[in-house]
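Undergrad: Structure: target-v1.txt, compact mmCIF, C-alpha atoms and all ligand atoms.
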```
# COMPACT_ATOMS: atom_id res chain seq x y z
CA MET V 1 92.41 97.55 114.42
CA SER V 2 93.52 94.36 116.07
CA THR V 3 91.01 92.70 118.42
CA TRP V 4 90.97 89.68 120.69
CA ALA V 5 92.94 86.60 119.62
CA ASN V 6 93.95 88.18 116.33
CA LEU V 7 97.45 86.83 115.88
CA GLY V 8 97.68 87.43 112.13
CA LEU V 9 97.79 90.61 110.09
CA GLN V 10 95.00 93.13 110.33
CA ASP V 11 92.57 93.57 107.45
CA SER V 12 94.09 95.89 104.90
CA ALA V 13 92.73 99.37 104.31
CA SER V 14 95.10 100.26 101.48
CA PRO V 15 96.22 98.62 98.21
CA LEU V 16 99.84 98.39 99.39
CA MET V 17 98.87 96.56 102.58
CA GLU V 18 96.83 94.17 100.45
CA GLN V 19 99.95 93.41 98.40
CA LEU V 20 101.99 92.98 101.60
CA ILE V 21 99.47 90.40 102.84
CA PHE V 22 99.60 88.53 99.52
CA PHE V 23 103.39 88.46 99.73
CA HIS V 24 103.30 87.28 103.34
CA ASP V 25 100.97 84.40 102.44
CA HIS V 26 103.10 83.51 99.41
CA ALA V 27 106.33 83.40 101.45
CA LEU V 28 104.61 81.41 104.20
CA LEU V 29 103.38 78.83 101.68
CA ILE V 30 106.93 78.28 100.38
CA LEU V 31 108.18 78.06 103.97
CA VAL V 32 105.59 75.38 104.82
CA MET V 33 106.47 73.34 101.71
CA ILE V 34 110.20 73.41 102.56
CA THR V 35 109.55 72.53 106.21
CA VAL V 36 107.31 69.60 105.30
CA LEU V 37 109.78 68.22 102.72
CA VAL V 38 112.86 68.55 104.94
CA GLY V 39 110.93 67.27 107.97
CA TYR V 40 109.76 64.22 106.02
CA LEU V 41 113.29 63.46 104.74
CA MET V 42 114.82 63.78 108.20
CA PHE V 43 112.11 61.62 109.75
CA MET V 44 112.51 58.88 107.14
CA LEU V 45 116.27 58.73 107.74
CA PHE V 46 115.53 56.93 111.02
CA PHE V 47 113.85 54.04 109.22
CA ASN V 48 116.33 52.80 106.62
CA ASN V 49 119.52 50.85 106.57
CA TYR V 50 121.06 52.32 103.41
CA VAL V 51 124.84 52.23 103.77
CA ASN V 52 127.39 52.68 101.00
CA ARG V 53 130.93 51.94 102.15
CA PHE V 54 132.44 53.17 98.84
CA LEU V 55 130.57 56.51 98.53
CA LEU V 56 133.06 59.35 98.01
CA HIS V 57 131.21 61.89 95.87
CA GLY V 58 127.90 62.62 94.19
CA GLN V 59 128.31 65.46 91.70
CA LEU V 60 124.80 65.25 90.26
CA ILE V 61 122.85 65.30 93.52
CA GLU V 62 125.01 68.14 94.85
CA MET V 63 124.30 70.16 91.72
CA ILE V 64 120.57 69.54 92.22
CA TRP V 65 120.43 70.41 95.92
CA THR V 66 122.44 73.59 95.36
CA ILE V 67 120.59 75.00 92.36
CA LEU V 68 117.07 74.00 93.38
CA PRO V 69 117.01 76.03 96.66
CA ALA V 70 118.50 79.00 94.78
CA ILE V 71 115.62 78.89 92.31
CA ILE V 72 113.10 78.61 95.15
CA LEU V 73 114.66 81.68 96.82
CA LEU V 74 114.23 83.62 93.56
CA PHE V 75 110.47 83.08 93.87
CA ILE V 76 110.63 85.03 97.14
CA ALA V 77 113.29 87.59 96.18
CA LEU V 78 111.66 88.87 92.99
CA PRO V 79 108.16 89.56 94.40
CA SER V 80 109.87 91.07 97.47
CA LEU V 81 111.82 93.52 95.31
CA ARG V 82 108.70 94.37 93.33
CA LEU V 83 106.91 95.29 96.58
CA LEU V 84 109.90 97.24 97.87
CA TYR V 85 109.92 99.52 94.84
CA LEU V 86 106.11 99.75 94.84
CA LEU V 87 106.14 100.96 98.47
CA ASP V 88 108.65 103.66 97.58
CA GLU V 89 106.58 105.11 94.74
CA ILE V 90 105.05 108.56 95.29
CA ASN V 91 101.93 108.87 93.12
CA GLU V 92 101.22 112.60 92.84
CA PRO V 93 99.77 113.05 96.35
CA SER V 94 96.82 115.42 96.86
CA VAL V 95 97.39 115.89 100.60
CA THR V 96 100.63 116.11 102.55
CA LEU V 97 100.70 115.45 106.29
CA LYS V 98 103.75 116.04 108.44
CA SER V 99 103.99 114.03 111.64
CA ILE V 100 106.61 114.82 114.24
CA GLY V 101 107.55 112.43 117.03
CA HIS V 102 108.22 113.75 120.52
CA GLN V 103 108.81 112.09 123.89
CA TRP V 104 106.06 111.02 124.14
CA TYR V 105 103.39 112.21 121.76
CA TRP V 106 102.93 112.99 118.09
CA SER V 107 102.28 116.40 116.61
CA TYR V 108 100.89 117.00 113.14
CA GLU V 109 101.09 119.75 110.54
CA TYR V 110 98.87 120.18 107.48
CA SER V 111 101.17 122.52 105.58
CA ASP V 112 98.91 122.54 102.50
CA PHE V 113 96.03 124.10 104.44
CA ASN V 114 97.10 127.33 106.14
CA ASN V 115 99.38 125.23 108.33
CA ILE V 116 96.91 123.62 110.69
CA GLU V 117 98.94 122.09 113.50
CA PHE V 118 98.10 120.21 116.69
CA ASP V 119 99.46 117.75 119.24
CA SER V 120 98.04 114.26 119.64
CA TYR V 121 98.28 112.69 123.09
CA MET V 122 97.08 109.29 124.29
CA ILE V 123 93.97 109.43 126.47
CA PRO V 124 94.93 108.11 129.95
CA THR V 125 92.93 105.09 131.17
CA ASN V 126 91.20 107.03 133.96
CA GLU V 127 89.89 109.60 131.46
CA LEU V 128 88.82 107.08 128.85
CA ALA V 129 85.23 107.06 127.55
CA THR V 130 83.31 103.78 127.96
CA ASP V 131 83.64 103.04 124.25
CA GLY V 132 87.28 104.13 124.08
CA PHE V 133 90.17 101.81 123.41
CA ARG V 134 92.68 101.69 126.27
CA LEU V 135 96.25 102.79 125.38
CA LEU V 136 95.12 103.34 121.78
CA ASP V 137 92.83 106.37 121.65
CA VAL V 138 94.14 109.92 121.37
CA ASP V 139 92.69 113.36 122.15
CA ASN V 140 93.26 114.80 118.65
CA ARG V 141 92.92 112.40 115.74
CA VAL V 142 94.52 112.75 112.34
CA VAL V 143 91.76 113.34 109.79
CA LEU V 144 92.52 112.26 106.22
CA PRO V 145 90.44 111.89 103.06
CA MET V 146 89.77 108.38 101.78
CA ASN V 147 90.37 107.43 98.12
CA SER V 148 93.17 109.98 97.78
CA GLN V 149 96.90 109.67 97.51
CA ILE V 150 98.39 110.93 100.76
CA ARG V 151 102.00 111.81 101.39
CA ILE V 152 103.38 111.53 104.91
CA LEU V 153 106.51 113.33 106.05
CA VAL V 154 107.92 111.93 109.28
CA THR V 155 110.52 113.40 111.58
CA ALA V 156 111.26 113.71 115.31
CA THR V 157 112.58 116.28 117.74
CA ASP V 158 114.36 114.25 120.41
CA VAL V 159 114.96 110.55 119.78
CA ILE V 160 113.98 108.10 117.03
CA HIS V 161 110.27 107.28 116.87
CA SER V 162 108.36 105.30 114.29
CA TRP V 163 105.04 106.22 112.76
CA THR V 164 103.35 102.86 112.24
CA ILE V 165 99.82 101.97 111.08
CA PRO V 166 99.44 98.22 110.42
CA ALA V 167 96.17 98.40 108.44
CA LEU V 168 97.68 100.86 105.97
CA GLY V 169 101.02 99.13 105.62
CA VAL V 170 102.87 102.22 106.82
CA LYS V 171 105.96 102.14 109.03
CA VAL V 172 108.34 105.06 108.83
CA ASP V 173 110.99 106.10 111.31
CA GLY V 174 110.98 109.66 112.58
CA THR V 175 114.60 110.63 113.06
CA PRO V 176 115.87 113.96 114.45
CA GLY V 177 117.48 116.04 111.72
CA ARG V 178 115.93 114.05 108.91
CA LEU V 179 112.69 114.08 106.96
CA ASN V 180 111.38 110.71 105.80
CA GLN V 181 108.69 110.35 103.20
CA THR V 182 106.09 107.75 102.41
CA ASN V 183 102.84 107.53 100.61
CA PHE V 184 99.54 105.67 100.99
CA PHE V 185 95.98 105.44 99.79
CA ILE V 186 93.16 104.65 102.23
CA ASN V 187 90.40 102.75 100.42
CA ARG V 188 87.69 102.75 103.07
CA PRO V 189 86.34 105.04 105.79
CA GLY V 190 86.88 104.30 109.47
CA LEU V 191 89.35 104.62 112.31
CA PHE V 192 92.81 103.15 111.93
CA TYR V 193 95.00 102.68 114.96
CA GLY V 194 98.76 102.56 115.18
CA GLN V 195 101.56 102.84 117.68
CA CYS V 196 105.13 104.09 117.80
CA SER V 197 107.46 101.23 116.98
CA GLU V 198 110.91 102.41 117.87
CA ILE V 199 111.87 101.89 121.51
CA CYS V 200 111.97 105.61 122.31
CA GLY V 201 111.99 105.75 126.10
CA ALA V 202 109.90 105.22 129.23
CA ASN V 203 106.53 106.04 127.66
CA HIS V 204 107.18 104.48 124.28
CA SER V 205 104.03 102.35 124.64
CA PHE V 206 101.89 105.40 125.24
CA MET V 207 102.12 107.43 122.03
CA PRO V 208 99.49 105.84 119.77
CA ILE V 209 98.27 107.15 116.41
CA VAL V 210 94.63 107.36 115.31
CA ILE V 211 93.63 108.14 111.75
CA GLY V 212 90.07 109.07 110.94
CA SER V 213 89.49 108.23 107.31
CA VAL V 214 86.56 110.25 105.92
CA PRO V 215 85.05 111.06 102.50
CA VAL V 216 86.74 113.97 100.75
CA ASN V 217 83.89 116.48 101.29
CA TYR V 218 83.97 115.75 105.07
CA PHE V 219 87.70 116.33 105.00
CA ILE V 220 87.24 119.71 103.29
CA LYS V 221 84.65 120.62 105.93
CA TRP V 222 87.05 119.63 108.70
CA ILE V 223 89.83 121.66 107.12
CA SER V 224 87.68 124.80 106.76
CA ASN V 225 86.36 124.51 110.33
CA ASN V 226 89.93 124.39 111.60
CA ASN V 227 90.97 127.37 109.49
CA SER V 228 88.42 129.80 110.91
CU1 LIG T 301 108.06 107.03 120.14
CU2 LIG T 301 108.42 104.66 120.72
```
Would it be possible to restate this file's structure as structure tokens?

TA:
Amino acid sequence: MSTWANLGLQDSASPLMEQLIFFHDHALLILVMITVLVGYLMFMLFFNNYVNRFLLHGQLIEMIWTILPAIILLFIALPSLRLLYLLDEINEPSVTLKSIGHQWYWSYEYSDFNNIEFDSYMIPTNELATDGFRLLDVDNRVVLPMNSQIRILVTATDVIHSWTIPALGVKVDGTPGRLNQTNFFINRPGLFYGQCSEICGANHSFMPIVIGSVPVNYFIKWISNNNS
């Protein structure tokens, strides 16, 4: 999760988020190079007296400063498209979780396992444990196995919500009357926090998501305890 003074991206917990971070850094590097070059050129314009009273056209330089930026943009567009298609790939998931957005809480269904279902509400500040995270902890966490392909189905019952977990690189809108699908792979154990990210009403800020990532045998134990 994000902690104090963390203004950048969170550490990744999935291969796709790792790729997203690489792409972000790559795009930022190109952005910095362009900004420095253009900034330098604009600054140096103040300090010269070059005037050409007979200048009417410059075919060559215009060719260069049209084609060169187009080539630079390709270096962003192609990796961006690669990531876009990679994010859309469903790799034979072993678990499917359905998450449904409501005003203002999430509910979950494990349809693969005798249809376990539960609601997940934020814990109010006055009921928070001393080690709890304010506005971020929930009463019923989502438990998922690590090192497994997981499919998420997202929908909503009232207005548009968005199921968003930064560390996993997941952000899917839950829309009434639709079923959206995404897929991820958690590569370490731990708790991963997220929040709704569609402005869905008065308590939009108060419908967080907590994922408990556990080893597969713990997950099976959790599933069988909830089936009894
Ligand atoms: Cu649900 Cu914002």

Undergrad: Taking (98.0, 97.6, 104.8) in the file's own coordinates, collect the residues within 8 Å, counting only C-alpha atoms, and hand them back as JSON, numbers by chain.

TA: {"V": [10, 11, 12, 13, 14, 15, 16, 17, 18, 19, 20, 21, 165, 166, 167, 168, 169, 170]}

Undergrad: Please write out the residues within 12 Å of ligand LIG 301 (chain T) as a PDB file with C-alpha atoms, in the frame of the given file, counting all atoms listed in the file.

TA:
```
ATOM      1  CA  SER V  99     103.990 114.030 111.640  1.00  0.00           C
ATOM      2  CA  ILE V 100     106.610 114.820 114.240  1.00  0.00           C
ATOM      3  CA  GLY V 101     107.550 112.430 117.030  1.00  0.00           C
ATOM      4  CA  HIS V 102     108.220 113.750 120.520  1.00  0.00           C
ATOM      5  CA  GLN V 103     108.810 112.090 123.890  1.00  0.00           C
ATOM      6  CA  TRP V 104     106.060 111.020 124.140  1.00  0.00           C
ATOM      7  CA  TYR V 105     103.390 112.210 121.760  1.00  0.00           C
ATOM      8  CA  TRP V 106     102.930 112.990 118.090  1.00  0.00           C
ATOM      9  CA  SER V 107     102.280 116.400 116.610  1.00  0.00           C
ATOM     10  CA  TYR V 121      98.280 112.690 123.090  1.00  0.00           C
ATOM     11  CA  MET V 122      97.080 109.290 124.290  1.00  0.00           C
ATOM     12  CA  VAL V 154     107.920 111.930 109.280  1.00  0.00           C
ATOM     13  CA  THR V 155     110.520 113.400 111.580  1.00  0.00           C
ATOM     14  CA  ALA V 156     111.260 113.710 115.310  1.00  0.00           C
ATOM     15  CA  THR V 157     112.580 116.280 117.740  1.00  0.00           C
ATOM     16  CA  ASP V 158     114.360 114.250 120.410  1.00  0.00           C
ATOM     17  CA  VAL V 159     114.960 110.550 119.780  1.00  0.00           C
ATOM     18  CA  ILE V 160     113.980 108.100 117.030  1.00  0.00           C
ATOM     19  CA  HIS V 161     110.270 107.280 116.870  1.00  0.00           C
ATOM     20  CA  SER V 162     108.360 105.300 114.290  1.00  0.00           C
ATOM     21  CA  TRP V 163     105.040 106.220 112.760  1.00  0.00           C
ATOM     22  CA  THR V 164     103.350 102.860 112.240  1.00  0.00           C
ATOM     23  CA  VAL V 172     108.340 105.060 108.830  1.00  0.00           C
ATOM     24  CA  ASP V 173     110.990 106.100 111.310  1.00  0.00           C
ATOM     25  CA  GLY V 174     110.980 109.660 112.580  1.00  0.00           C
ATOM     26  CA  THR V 175     114.600 110.630 113.060  1.00  0.00           C
ATOM     27  CA  PRO V 176     115.870 113.960 114.450  1.00  0.00           C
ATOM     28  CA  GLY V 194      98.760 102.560 115.180  1.00  0.00           C
ATOM     29  CA  GLN V 195     101.560 102.840 117.680  1.00  0.00           C
ATOM     30  CA  CYS V 196     105.130 104.090 117.800  1.00  0.00           C
ATOM     31  CA  SER V 197     107.460 101.230 116.980  1.00  0.00           C
ATOM     32  CA  GLU V 198     110.910 102.410 117.870  1.00  0.00           C
ATOM     33  CA  ILE V 199     111.870 101.890 121.510  1.00  0.00           C
ATOM     34  CA  CYS V 200     111.970 105.610 122.310  1.00  0.00           C
ATOM     35  CA  GLY V 201     111.990 105.750 126.100  1.00  0.00           C
ATOM     36  CA  ALA V 202     109.900 105.220 129.230  1.00  0.00           C
ATOM     37  CA  ASN V 203     106.530 106.040 127.660  1.00  0.00           C
ATOM     38  CA  HIS V 204     107.180 104.480 124.280  1.00  0.00           C
ATOM     39  CA  SER V 205     104.030 102.350 124.640  1.00  0.00           C
ATOM     40  CA  PHE V 206     101.890 105.400 125.240  1.00  0.00           C
ATOM     41  CA  MET V 207     102.120 107.430 122.030  1.00  0.00           C
ATOM     42  CA  PRO V 208      99.490 105.840 119.770  1.00  0.00           C
ATOM     43  CA  ILE V 209      98.270 107.150 116.410  1.00  0.00           C
TER      44      ILE V 209
END
```

Undergrad: One decimal, Å: what's the distance from CA of Arg53 (chain V) over to CA of Gly39 (chain V), could you say?

TA: 25.9 Å

Undergrad: Please list as a list in words every residue within 10 Å of region 74-90 of chain V, counting all atoms listed in the file and excluding residues in the same chain fewer than 2 positions away.

TA: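 So, after excluding close chain neighbours, the residues are Leu16, Met17, Gln19, Leu20, Phe23, His24, His26, Ala27, Leu28, Ile30, Pro69, Ala70, Ile71, Ile72, Glu92, Pro93, Gln149, Ile150, Arg151, Gly169, Val170, Gln181, Thr182, Asn183 and Phe184 of chain V.
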
Undergrad: Counting only C-alpha atoms, what is within 12 Å of Val95 (chain V), bar same-chain residues fewer than 5 positions away, as a PDB file with C-alpha atoms, in the frame of the given file?

TA:
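Dumped everything to around.pdb:
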```
ATOM      1  CA  ILE V  90     105.050 108.560  95.290  1.00  0.00           C
ATOM      2  CA  GLU V 109     101.090 119.750 110.540  1.00  0.00           C
ATOM      3  CA  TYR V 110      98.870 120.180 107.480  1.00  0.00           C
ATOM      4  CA  SER V 111     101.170 122.520 105.580  1.00  0.00           C
ATOM      5  CA  ASP V 112      98.910 122.540 102.500  1.00  0.00           C
ATOM      6  CA  PHE V 113      96.030 124.100 104.440  1.00  0.00           C
ATOM      7  CA  VAL V 143      91.760 113.340 109.790  1.00  0.00           C
ATOM      8  CA  LEU V 144      92.520 112.260 106.220  1.00  0.00           C
ATOM      9  CA  PRO V 145      90.440 111.890 103.060  1.00  0.00           C
ATOM     10  CA  MET V 146      89.770 108.380 101.780  1.00  0.00           C
ATOM     11  CA  ASN V 147      90.370 107.430  98.120  1.00  0.00           C
ATOM     12  CA  SER V 148      93.170 109.980  97.780  1.00  0.00           C
ATOM     13  CA  GLN V 149      96.900 109.670  97.510  1.00  0.00           C
ATOM     14  CA  ILE V 150      98.390 110.930 100.760  1.00  0.00           C
ATOM     15  CA  ARG V 151     102.000 111.810 101.390  1.00  0.00           C
ATOM     16  CA  ILE V 152     103.380 111.530 104.910  1.00  0.00           C
ATOM     17  CA  LEU V 153     106.510 113.330 106.050  1.00  0.00           C
ATOM     18  CA  ASN V 183     102.840 107.530 100.610  1.00  0.00           C
ATOM     19  CA  PHE V 184      99.540 105.670 100.990  1.00  0.00           C
ATOM     20  CA  PHE V 185      95.980 105.440  99.790  1.00  0.00           C
ATOM     21  CA  VAL V 216      86.740 113.970 100.750  1.00  0.00           C
ATOM     22  CA  PHE V 219      87.700 116.330 105.000  1.00  0.00           C
ATOM     23  CA  ILE V 220      87.240 119.710 103.290  1.00  0.00           C
ATOM     24  CA  ILE V 223      89.830 121.660 107.120  1.00  0.00           C
TER      25      ILE V 223
END
```

Undergrad: Any idea what the distance is between CA of Phe22 (chain V) and CA of Leu73 (chain V)?

TA: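 According to the coordinates, CA of Phe22 (chain V) and CA of Leu73 (chain V) are separated by 16.8 Å.
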
Undergrad: What is the CA of Leu136 (chain V)-CA of Asn6 (chain V) distance in Å, reported with one decimal?

TA: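 Computing the Euclidean distance for CA of Leu136 (chain V) and CA of Asn6 (chain V) yields 16.2 Å.
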
Undergrad: So, with only C-alpha atoms as the atoms that count, which of V:Ile116, V:Leu55, V:Phe133, V:Leu9 lies closest to Asn227 (chain V)?

TA: V:Ile116

Undergrad: Enclose all atoms of region 132-137 of chain V listed in the file in an axis-aligned box, grow every side by 5 Å, and hand back centre and edge lengths in Å to one decimal, as lines of an AutoDock Vina configuration file.

TA:
```
center_x = 91.8
center_y = 104.0
center_z = 124.0
size_x = 19.0
size_y = 14.7
size_z = 14.6
```
